[in-house]
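Q: My file is work21.cif. It has mmCIF, C-alpha atoms:
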data_run
#
loop_
_atom_site.label_atom_id
_atom_site.label_comp_id
_atom_site.auth_asym_id
_atom_site.auth_seq_id
_atom_site.Cartn_x
_atom_site.Cartn_y
_atom_site.Cartn_z
CA MET A 1 29.74 -4.44 129.32
CA ALA A 2 26.11 -4.06 128.26
CA ASP A 3 25.29 -3.56 124.55
CA ASN A 4 23.74 -0.06 124.06
CA SER A 5 22.77 -0.59 120.38
CA PHE A 6 19.24 -1.47 121.44
CA SER A 7 16.99 0.39 123.87
CA ASP A 8 14.17 -1.68 125.30
CA GLY A 9 14.46 -3.96 122.30
CA VAL A 10 13.84 -1.13 119.72
CA PRO A 11 16.47 -0.66 116.96
CA PRO A 12 18.08 2.84 116.74
CA ASP A 13 16.90 3.32 113.10
CA SER A 14 13.31 2.92 114.19
CA LEU A 15 13.75 5.47 116.96
CA GLU A 16 15.23 8.00 114.53
CA ALA A 17 12.37 7.44 112.05
CA ALA A 18 9.78 7.93 114.78
CA LYS A 19 11.49 11.16 115.85
CA ASN A 20 11.50 12.51 112.26
CA ALA A 21 7.83 11.63 111.82
CA SER A 22 6.99 13.49 115.00
CA ASN A 23 8.89 16.58 113.82
CA THR A 24 7.12 16.44 110.42
CA GLU A 25 3.71 16.29 112.11
CA LYS A 26 4.57 19.30 114.28
CA LEU A 27 5.72 21.27 111.19
CA ALA A 28 2.56 20.35 109.31
CA ASP A 29 0.44 21.49 112.26
CA GLN A 30 2.27 24.83 112.32
CA VAL A 31 1.79 25.31 108.56
CA MET A 32 -1.90 24.44 108.68
CA GLN A 33 -2.42 27.00 111.44
CA ASN A 34 -1.10 29.76 109.11
CA PRO A 35 -4.20 31.46 107.62
CA GLN A 36 -2.34 32.61 104.47
CA VAL A 37 -1.25 29.07 103.69
CA LEU A 38 -4.79 27.78 104.27
CA ALA A 39 -6.24 30.46 101.99
CA ALA A 40 -3.77 29.64 99.21
CA LEU A 41 -4.51 25.93 99.55
CA GLN A 42 -8.26 26.54 99.46
CA GLU A 43 -7.90 28.73 96.36
CA ARG A 44 -5.91 25.98 94.69
CA LEU A 45 -8.53 23.39 95.51
CA ASP A 46 -11.32 25.67 94.29
CA SER A 47 -9.59 26.28 90.95
CA VAL A 48 -9.12 22.56 90.41
CA SER A 49 -12.66 21.65 91.37
CA HIS A 50 -14.30 24.36 89.25
CA THR A 51 -12.66 23.79 85.86
CA PRO A 52 -15.27 23.44 83.09
CA SER A 53 -14.19 19.92 82.17
CA SER A 54 -14.34 18.68 85.75
CA TYR A 55 -17.78 20.23 86.13
CA ILE A 56 -19.07 18.55 82.97
CA GLU A 57 -17.83 15.19 84.24
CA THR A 58 -20.05 15.52 87.32
CA LEU A 59 -23.24 16.02 85.30
CA PRO A 60 -25.80 13.22 84.87
CA LYS A 61 -25.75 11.23 81.62
CA ALA A 62 -29.06 12.74 80.51
CA VAL A 63 -27.58 16.27 80.73
CA LYS A 64 -24.40 15.21 78.91
CA ARG A 65 -26.59 13.80 76.14
CA ARG A 66 -28.28 17.19 75.72
CA ILE A 67 -24.89 18.93 75.67
CA ASN A 68 -23.84 16.65 72.82
CA ALA A 69 -26.97 17.72 70.97
CA LEU A 70 -25.96 21.38 71.44
CA LYS A 71 -22.56 20.59 69.93
CA GLN A 72 -24.28 19.09 66.91
CA LEU A 73 -26.19 22.37 66.52
CA GLN A 74 -22.94 24.31 66.87
CA VAL A 75 -21.38 22.36 64.01
CA LYS A 76 -24.38 23.17 61.82
CA CYS A 77 -23.94 26.85 62.75
CA ALA A 78 -20.32 26.67 61.65
CA HIS A 79 -21.35 25.33 58.24
CA ILE A 80 -23.92 28.12 57.85
CA GLU A 81 -21.19 30.62 58.79
CA ALA A 82 -18.99 29.12 56.07
CA LYS A 83 -21.77 29.76 53.53
CA PHE A 84 -22.00 33.33 54.79
CA TYR A 85 -18.30 33.89 54.07
CA GLU A 86 -18.67 32.38 50.62
CA GLU A 87 -21.34 34.99 49.86
CA VAL A 88 -19.06 37.69 51.29
CA HIS A 89 -16.41 36.55 48.82
CA ASP A 90 -18.97 36.87 46.00
CA LEU A 91 -19.71 40.42 47.20
CA GLU A 92 -16.00 41.23 47.27
CA ARG A 93 -15.75 40.08 43.66
CA LYS A 94 -18.77 42.19 42.70
CA TYR A 95 -17.46 45.36 44.34
CA ALA A 96 -13.92 44.77 43.08
CA ALA A 97 -15.35 45.30 39.59
CA LEU A 98 -16.77 48.64 40.77
CA TYR A 99 -13.46 49.72 42.32
CA GLN A 100 -11.39 48.75 39.29
CA PRO A 101 -12.16 51.82 37.09
CA LEU A 102 -10.97 54.02 39.97
CA PHE A 103 -7.82 51.93 40.39
CA ASP A 104 -7.20 52.12 36.63
CA LYS A 105 -7.38 55.90 36.82
CA ARG A 106 -5.06 55.80 39.84
CA ARG A 107 -2.54 53.93 37.74
CA GLU A 108 -2.80 56.49 34.93
CA PHE A 109 -2.07 59.34 37.34
CA ILE A 110 0.85 57.43 38.89
CA THR A 111 2.46 56.52 35.57
CA GLY A 112 1.75 59.90 34.00
CA ASP A 113 -0.41 58.44 31.22
CA ALA A 114 -3.11 60.91 32.27
CA GLU A 115 -3.11 64.25 34.08
CA PRO A 116 -5.83 64.98 36.67
CA THR A 117 -8.12 67.93 36.04
CA ASP A 118 -8.22 70.87 38.44
CA ALA A 119 -11.42 69.46 39.95
CA GLU A 120 -9.85 66.01 40.37
CA SER A 121 -6.73 67.41 42.02
CA GLU A 122 -8.53 69.70 44.47
CA TRP A 123 -8.11 68.58 48.07
CA HIS A 124 -9.06 70.34 51.30
CA SER A 125 -6.44 69.84 53.99
CA GLU A 126 -7.14 69.87 57.72
CA ASN A 127 -5.25 73.18 58.06
CA GLU A 128 -6.95 74.79 55.08
CA GLU A 129 -8.03 77.96 56.91
CA GLU A 130 -4.58 78.56 58.38
CA ASP A 131 -2.96 77.89 55.03
CA LYS A 132 -5.35 80.30 53.31
CA LEU A 133 -4.65 83.09 55.81
CA ALA A 134 -0.91 82.62 55.57
CA GLY A 135 -1.15 82.51 51.81
CA ASP A 136 -3.10 85.77 51.65
CA ILE A 137 -0.49 87.54 53.75
CA LYS A 138 2.44 86.32 51.70
CA ASN A 139 0.93 86.39 48.22
CA LYS A 140 1.61 90.01 47.35
CA ALA A 141 5.18 89.93 48.61
CA ILE A 142 6.33 86.77 46.90
CA ILE A 143 4.16 86.45 43.78
CA ALA A 144 7.04 87.30 41.49
CA GLU A 145 9.32 84.86 43.33
CA LYS A 146 6.70 82.11 42.98
CA GLU A 147 6.39 82.65 39.28
CA ALA A 148 10.14 82.39 38.86
CA ALA A 149 10.29 79.26 41.03
CA ALA A 150 7.42 77.67 39.13
CA ALA A 151 9.25 78.20 35.89
CA GLU A 152 12.33 76.45 37.27
CA GLU A 153 10.51 73.72 39.26
CA PRO A 154 10.86 70.27 37.67
CA ASN A 155 7.71 68.54 36.56
CA PRO A 156 8.41 64.78 36.52
CA LYS A 157 6.06 62.39 34.82
CA GLY A 158 3.33 61.00 37.05
CA ILE A 159 4.28 60.21 40.66
CA PRO A 160 7.83 58.82 40.63
CA GLU A 161 8.60 55.71 42.70
CA PHE A 162 5.04 55.54 44.04
CA TRP A 163 4.91 51.84 44.87
CA PHE A 164 8.58 51.68 45.85
CA THR A 165 7.92 54.42 48.42
CA ILE A 166 5.10 52.32 49.88
CA PHE A 167 7.51 49.40 50.22
CA ARG A 168 9.92 51.66 52.11
CA ASN A 169 7.18 53.08 54.35
CA VAL A 170 5.66 49.76 55.45
CA ASP A 171 7.88 47.85 57.86
CA MET A 172 6.42 44.49 56.90
CA LEU A 173 7.57 45.05 53.30
CA SER A 174 10.77 47.04 53.85
CA GLU A 175 12.17 44.13 55.89
CA LEU A 176 12.01 41.98 52.75
CA VAL A 177 13.66 44.50 50.42
CA GLN A 178 17.41 44.33 49.91
CA GLU A 179 19.47 47.18 48.47
CA TYR A 180 19.81 45.39 45.13
CA ASP A 181 15.99 44.97 44.97
CA GLU A 182 15.39 48.70 45.05
CA PRO A 183 16.27 49.57 41.42
CA ILE A 184 13.87 46.83 40.27
CA LEU A 185 10.98 47.93 42.49
CA LYS A 186 11.28 51.45 41.08
CA HIS A 187 9.87 49.97 37.85
CA LEU A 188 6.70 48.71 39.63
CA GLN A 189 3.70 50.53 38.17
CA ASP A 190 0.69 48.85 39.75
CA ILE A 191 -0.52 46.11 42.10
CA LYS A 192 -3.91 44.51 41.50
CA VAL A 193 -6.06 41.98 43.35
CA LYS A 194 -8.08 39.49 41.31
CA PHE A 195 -10.71 37.28 42.99
CA SER A 196 -11.53 33.74 41.91
CA ASP A 197 -14.40 33.31 39.45
CA PRO A 198 -17.85 32.15 40.60
CA GLY A 199 -18.00 28.41 41.16
CA GLN A 200 -14.21 28.14 41.51
CA PRO A 201 -12.38 27.35 44.77
CA MET A 202 -11.96 30.46 46.88
CA SER A 203 -8.69 32.27 46.11
CA PHE A 204 -7.21 35.60 45.11
CA VAL A 205 -4.29 36.64 42.91
CA LEU A 206 -1.88 39.52 43.47
CA GLU A 207 -0.63 40.98 40.19
CA PHE A 208 2.53 43.10 40.21
CA HIS A 209 2.74 45.12 36.98
CA PHE A 210 6.19 46.31 35.88
CA GLU A 211 7.30 48.59 33.10
CA SER A 212 10.00 47.40 30.73
CA ASN A 213 13.27 47.04 32.64
CA ASP A 214 16.80 45.62 32.50
CA TYR A 215 16.15 42.81 35.01
CA PHE A 216 13.44 40.47 33.69
CA THR A 217 11.18 40.16 30.69
CA ASN A 218 7.89 39.61 32.60
CA SER A 219 5.47 42.49 32.51
CA VAL A 220 3.40 40.94 35.32
CA LEU A 221 4.47 38.82 38.30
CA THR A 222 1.73 36.91 40.10
CA LYS A 223 1.14 35.32 43.49
CA THR A 224 -1.96 33.15 44.01
CA TYR A 225 -3.34 32.56 47.49
CA LYS A 226 -5.67 29.59 47.96
CA MET A 227 -8.28 29.86 50.66
CA LYS A 228 -10.49 27.54 52.64
CA SER A 229 -13.87 28.50 54.06
CA GLU A 230 -15.26 25.38 55.68
CA PRO A 231 -15.03 23.91 59.17
CA ASP A 232 -12.33 21.34 59.77
CA LYS A 233 -13.85 17.90 60.18
CA ALA A 234 -11.47 17.06 63.03
CA ASP A 235 -12.00 20.39 64.83
CA PRO A 236 -15.12 22.17 63.53
CA PHE A 237 -15.31 24.53 66.51
CA SER A 238 -12.04 26.22 65.52
CA PHE A 239 -13.65 27.74 62.40
CA GLU A 240 -13.43 31.55 62.43
CA GLY A 241 -13.87 32.33 58.75
CA PRO A 242 -11.82 31.93 55.56
CA GLU A 243 -8.12 31.26 55.94
CA ILE A 244 -5.25 31.09 53.47
CA VAL A 245 -4.06 27.49 53.22
CA ASP A 246 -1.52 27.56 50.37
CA CYS A 247 0.02 29.81 47.75
CA ASP A 248 1.69 29.59 44.34
CA GLY A 249 4.20 31.96 42.82
CA CYS A 250 5.38 32.37 39.25
CA THR A 251 8.54 31.95 37.21
CA ILE A 252 10.56 35.13 36.80
CA ASP A 253 12.33 35.27 33.45
CA TRP A 254 15.53 36.96 34.57
CA LYS A 255 17.83 38.51 32.05
CA LYS A 256 21.39 37.19 31.99
CA GLY A 257 23.32 38.11 35.13
CA LYS A 258 20.38 40.00 36.67
CA ASN A 259 18.85 37.36 38.97
CA VAL A 260 19.00 38.88 42.45
CA THR A 261 17.54 35.79 44.14
CA VAL A 262 20.81 33.88 43.74
CA LYS A 263 24.46 34.76 44.22
CA THR A 264 27.59 33.17 42.81
CA ILE A 265 30.28 32.00 45.19
CA LYS A 266 33.73 30.58 44.56
CA LYS A 267 34.89 27.45 46.32
CA LYS A 268 38.27 25.72 46.31
CA GLN A 269 38.46 21.94 45.92
CA LYS A 270 41.53 19.79 46.55
CA HIS A 271 42.04 16.56 44.60
CA LYS A 272 42.50 13.68 47.04
CA GLY A 273 45.02 11.82 44.96
CA ARG A 274 47.09 14.44 43.15
CA GLY A 275 46.73 17.18 45.76
CA THR A 276 45.96 19.78 43.11
CA VAL A 277 43.55 22.59 43.91
CA ARG A 278 40.86 23.94 41.61
CA THR A 279 38.38 26.76 42.03
CA ILE A 280 34.74 26.18 41.14
CA THR A 281 31.80 28.56 41.12
CA LYS A 282 28.27 27.71 42.24
CA GLN A 283 25.02 29.56 42.72
CA VAL A 284 23.35 29.67 46.15
CA PRO A 285 20.09 31.30 47.28
CA ASN A 286 20.22 35.01 48.08
CA ASP A 287 17.90 37.11 50.27
CA SER A 288 15.57 39.17 48.10
CA PHE A 289 12.01 40.44 47.99
CA PHE A 290 11.61 38.53 44.75
CA ASN A 291 11.78 35.23 46.65
CA PHE A 292 8.18 36.22 47.44
CA PHE A 293 7.29 34.68 44.07
CA SER A 294 8.88 31.32 44.97
CA PRO A 295 7.03 30.48 48.19
CA LEU A 296 7.20 27.39 50.35
CA LYS A 297 4.43 24.91 49.71
CA ALA A 298 2.10 23.99 52.53
CA SER A 299 2.43 20.33 53.40
CA GLY A 300 -0.38 18.39 51.75
CA ASP A 301 0.80 14.82 52.29
CA GLY A 302 0.24 14.65 56.03
CA GLU A 303 3.84 15.53 56.87
CA SER A 304 4.30 18.48 59.19
CA LEU A 305 6.62 21.39 58.37
CA ASP A 306 9.44 22.31 60.72
CA GLU A 307 9.03 25.34 62.94
CA ASP A 308 11.02 27.71 60.73
CA SER A 309 9.07 26.69 57.63
CA GLU A 310 5.75 27.13 59.42
CA PHE A 311 6.81 30.63 60.51
CA THR A 312 7.93 31.54 56.98
CA LEU A 313 4.65 30.30 55.49
CA ALA A 314 2.56 32.11 58.10
CA SER A 315 4.48 35.34 57.41
CA ASP A 316 3.89 34.90 53.67
CA PHE A 317 0.15 34.47 54.24
CA GLU A 318 0.11 37.57 56.44
CA ILE A 319 1.86 39.66 53.78
CA GLY A 320 -0.51 38.45 51.06
CA HIS A 321 -3.51 39.32 53.22
CA PHE A 322 -2.02 42.76 53.96
CA PHE A 323 -1.57 43.54 50.26
CA ARG A 324 -5.16 42.52 49.58
CA GLU A 325 -6.86 44.23 52.53
CA ARG A 326 -4.73 47.32 53.09
CA ILE A 327 -2.06 48.20 50.55
CA VAL A 328 -4.02 47.90 47.30
CA PRO A 329 -7.28 49.54 48.47
CA ARG A 330 -5.53 52.41 50.32
CA ALA A 331 -2.29 52.82 48.39
CA VAL A 332 -2.14 56.63 48.43
CA LEU A 333 -2.44 56.70 52.23
CA TYR A 334 0.50 54.31 52.59
CA PHE A 335 2.45 56.46 50.12
CA THR A 336 1.84 59.62 52.20
CA GLY A 337 2.23 57.75 55.50
CA GLU A 338 -1.23 58.66 56.79
CA ALA A 339 -2.37 55.04 56.96
CA ILE A 340 0.83 54.09 58.79
CA GLU A 341 0.23 56.80 61.39
CA ASP A 342 -3.29 55.45 61.90
CA ASP A 343 -1.90 51.94 62.38
CA ASP A 344 0.70 53.22 64.86
CA ASN A 345 -1.93 55.07 66.88
CA PHE A 346 -4.04 51.94 67.08
CA GLU A 347 -1.07 49.89 68.28
CA GLU A 348 -0.18 52.52 70.89
CA GLY A 349 -3.75 52.33 72.18
CA GLU A 350 -3.42 48.61 72.64
CA GLU A 351 -0.12 49.03 74.50
CA GLY A 352 -1.63 51.74 76.68
CA GLU A 353 -4.47 49.45 77.65
CA GLU A 354 -2.00 46.71 78.47
CA GLU A 355 0.01 49.07 80.69
CA GLU A 356 -3.14 50.12 82.52
CA LEU A 357 -4.01 46.50 83.19
CA GLU A 358 -0.51 45.97 84.54
CA GLY A 359 -0.97 49.00 86.78
CA ASP A 360 -4.20 47.50 88.13
CA GLU A 361 -2.40 44.25 88.84
CA GLU A 362 0.22 46.14 90.82
CA GLY A 363 -2.53 47.68 92.93
CA GLU A 364 -2.50 51.21 91.53
CA ASP A 365 -4.77 53.51 93.52
CA GLU A 366 -7.92 54.75 91.78
CA ASP A 367 -7.00 58.34 92.68
CA ASP A 368 -3.60 57.95 91.04
CA ALA A 369 -5.20 56.45 87.94
CA GLU A 370 -7.52 59.46 87.62
CA ILE A 371 -4.73 61.97 88.10
CA ASN A 372 -2.49 60.18 85.59
CA PRO A 373 -4.85 58.74 82.97
CA LYS A 374 -3.24 56.51 80.39
CA VAL A 375 -4.02 57.39 76.78
#
Would it be possible to restate this file's structure as structure tokens?
A:
Amino acid sequence: MADNSFSDGVPPDSLEAAKNASNTEKLADQVMQNPQVLAALQERLDSVSHTPSSYIETLPKAVKRRINALKQLQVKCAHIEAKFYEEVHDLERKYAALYQPLFDKRREFITGDAEPTDAESEWHSENEEEDKLAGDIKNKAIIAEKEAAAAEEPNPKGIPEFWFTIFRNVDMLSELVQEYDEPILKHLQDIKVKFSDPGQPMSFVLEFHFESNDYFTNSVLTKTYKMKSEPDKADPFSFEGPEIVDCDGCTIDWKKGKNVTVKTIKKKQKHKGRGTVRTITKQVPNDSFFNFFSPLKASGDGESLDEDSEFTLASDFEIGHFFRERIVPRAVLYFTGEAIEDDDNFEEGEEGEEEELEGDEEGEDEDDAEINPKV
């Protein structure tokens, strides 16, 4: 009987391979005839061929040489920009001295050390006309009632819990405050910003002034933020102005049993030999706003921080910057909530813009967009 394992001297494996190759070629031909596939492929090729780096690589050496010269100029611009920010810091220091008398008076009104005059306490609200009209209508009918109420109305000293209320109002700060921090923060009387002296490395200090209390003996707790305003030698083009690079806290002199940054836990230990059990107590870290004054140190020895530490440090820098730029200069508006409403409105605007962009991506009709404008 004839052997059918070969056909015309060609092995079966070779025949199968030839058949598969033929089928692949037919499939490729069908795909390449699809205009959508061709368009997607062309778009892919265009995006690859038109990247900035690939374009630069195609330029003649003489042009590349001139580009390098432009980069040298850009580095010099970055150094000039750094000088600009140094002078801005000098201006901040100058104007901080002009603000300070106003902030000192603010503290006196808050603590009750001084009472504002009628002229100082006069403020015209947005609804002044409506309030005036309503007041005129009601005055005659309730004047006696008002006098009686005024006689009974409490008149606390200053503005109670001013800074503590700000902590509660601002999410960034309230997230740090634990329930056992609250009685301490009610003793906070003032927060000040002090800028570094002329000729000294750029920095600023946050000063938290407390009245006498049952928790610690310090009258002032400080946090120093060190700044850098010069281009990085390894990456000069990343320079975008001064940045906080490190910070130092202070030692809090806690009174006995009042340290809220640690907690005492009990742990049982069993003796390996005798089998006896003893109970020991040890102190472990505790969540508290006052850990703010014992910050992580930025790595200065070339070793990188882990991801959690980097996040913690970045959050600390953000909070310090927020105290300096927003809380201290505009404290009353964070107390009343007006500044927070402004911040919320700004954030909503950003989200609205993002939603509109998403709508465009989904192919929203122009007519629909006009009928339903996004705020």
Q: Quick check on the file I pasted: which residues fall under the PyMOL selection byres ((chain A and resi 215-218) around 8)? Write them as a list in words.
A: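 Against this file, the PyMOL selection byres ((chain A and resi 215-218) around 8) returns the residues Ile184, Phe210, Ser212, Asn213, Asp214, Ser219, Val220, Leu221, Ile252, Asp253, Trp254, Lys255, Lys258 and Asn259 of chain A.
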Q: I need the residue nearest Gln189 (chain A) from this list: A:Leu59, A:Leu176, A:Ile110, A:Ala82. Use all atoms listed in the file for the distance.
A: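 Among the listed residues, A:Ile110 lies closest to Gln189 (chain A).
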Q: Which residue is closest to Tyr180 (chain A)? Choose from A:Asp232, A:Glu115, A:Glu153, A:Asp287 and count all atoms listed in the file.
A: A:Asp287
Q: For CA of Gln178 (chain A) and CA of Arg324 (chain A), determine how far apart the two atoms are, in Å to one decimal place.
A: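 These atoms are spaced 22.6 Å apart.
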Q: Please indicate the distance in Å from CA of Phe167 (chain A) to CA of Phe109 (chain A), rounded to one decimal place.
A: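 About the pair CA of Phe167 (chain A) and CA of Phe109 (chain A): they are 18.9 Å apart.
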